[in-house]
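Each remark here refers to the structure printed beneath this line.
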Amino acid sequence: MKAVVCRELGLAHTEYAEVDRPILGPDGIRIRVHAAGVSFANLLVLEGKHQNRWAPPFTPGTEVAGVVLECGERTSLFKPGDRVVAGVRIGGYAEEVVAPESTVFALPDAVDYDAAVQFPTIYATAYGALKWRAQVASGETLLVHGAAGGSGLAAIEIGKRLGARVIATAGDAAKLEAARRHGADVAIHYREENFRDVVLRETGQRGADVIFDPVGGDTFNESLRCIAPDGRIIPMGFAGGTIPQIPANLVLVKNVTVIGIYWGYYMGWGKQLPPPAVVQRVRDAFDDMLGWAAAGTLRPETYATYPLARFREALDAITERKVIGRVALHPFPAA
């Protein structure tokens, strides 16, 4: 089969090549991949800069959607021909992938493959962060940074589904319009306005109850200055390039809770495996999210699609910060 293979760390050493089909274990589901998600995290993995490191050669990619080809002998939830979406630790940029049944989820007919690949990590992380960890309540104010990226748009939509009033920040007019299109009540052009001032004005000087921050750096620091008492801030990533140092005095005097979330733990990718109750909780969450998507409540936005052989162009779009929503790879030509 064809796949993207990283021979040595770095995009320059990564190629589209012929490889052996992955081995199907007793707990595995073999999937013919119709779409694979492309993310900034994939670039970090290729460069050896992600917390999950792999020794070359390996195939990147953690989000896939497609059709079941074959099921391991100890599986029971799926059969060949089923439409599914899956999270995998590695190997998604390929014509086929084998995923453990625990991270494979039934895909409703109303959700297309390109939309589906945003759920295993992007929408799932927003769901876990906002519903489970921050426990966003109806009527609260949610501030979302990096609002036009895949993570940001997912957080806006999940936040609205939970009943929050959403304030979003982005860096140009097209991205601000995307944030509004996906439900943001207020959109702030952070290059033209100080978002802290706008948030305080929009909340009667109280501040945001919950802040979803995939940017880090100065954005995180300014966020702590416009967070409400008893507020929760979620450092989702560090796209700005700097990991912030949290000033404990501000956390103390404002009763702020700093919340971490590593979605990989829930998918079984961490050092400790989640207990069965958590595995079931994850499956229930996917039932929620994919049901909302089928009903049109969640509307993942696909910026562009590329044939798998043109994976470099897809990754370039990510590095150039042009993408609104997500990019997907197609291992097979459109029918």
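We name chains A, B, ... following the order of the structure tokens; residues begin at 1 in each chain, and ligands are numbered from 1 as shown.
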
Neighbouring residues of Leu143 in chain A were defined as those with any atom within 10 Å, considering only C-alpha atoms; residues of the same chain fewer than 6 positions away were excluded. Please report them as a count of residues only.
26

Near Arg283 in chain A, counting only C-alpha atoms, which residues have an atom at most 10 Å away, once you skip same-chain residues fewer than 5 positions from it, shown as an NGL selection string?
:A and (102-106 or 277-278 or 288-289)

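Residue neighbourhood of Ala134 in chain A, excluding near-sequence residues (fewer than 3 positions): Ala129, Leu130, Lys131, Val210, Arg232, Ile234 and Ile259 of chain A, at 8 Å, using only C-alpha atoms.
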
Next, the residues of the selection above should be written as a compact mmCIF listing (two decimals), in the first residue's frame with N, CA, C and O atoms.
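Okay, this is what ended up in out14.txt:
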```txt
# COMPACT_ATOMS: atom_id res chain seq x y z
N ALA A 129 -12.15 19.26 27.41
CA ALA A 129 -11.68 20.44 28.15
C ALA A 129 -12.83 21.26 28.71
O ALA A 129 -12.81 21.68 29.87
N LEU A 130 -13.85 21.50 27.89
CA LEU A 130 -14.91 22.42 28.29
C LEU A 130 -16.02 21.74 29.08
O LEU A 130 -16.52 22.30 30.06
N LYS A 131 -16.39 20.51 28.70
CA LYS A 131 -17.50 19.84 29.40
C LYS A 131 -17.01 19.10 30.64
O LYS A 131 -17.61 19.23 31.71
N VAL A 210 -14.27 31.21 31.56
CA VAL A 210 -13.41 30.14 31.06
C VAL A 210 -12.63 30.67 29.86
O VAL A 210 -13.18 31.36 29.01
N ARG A 232 -11.57 29.68 35.07
CA ARG A 232 -10.76 28.53 34.69
C ARG A 232 -10.07 28.83 33.37
O ARG A 232 -10.72 29.26 32.41
N ILE A 234 -7.50 27.23 30.36
CA ILE A 234 -7.05 25.95 29.82
C ILE A 234 -5.94 26.21 28.81
O ILE A 234 -6.21 26.64 27.68
N ILE A 259 -6.20 24.56 34.18
CA ILE A 259 -6.62 23.19 33.88
C ILE A 259 -5.80 22.63 32.72
O ILE A 259 -5.73 23.22 31.65
```

Using only C-alpha atoms, can you tell me which of A:Ala35, A:Ile122, A:Cys6, A:Leu24 comes closest to Phe332 in chain A?
A:Ala35

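Closest approach to Arg281 in chain A from the set A:Ala248, A:Ile23, A:Met267, A:Val198 is made by A:Met267, with distances taken over only C-alpha atoms.
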
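Checking A:Arg161, A:Arg89, A:Arg201, A:Arg299 one by one against His182 in chain A, counting only C-alpha atoms, you find the shortest gap at A:Arg299.
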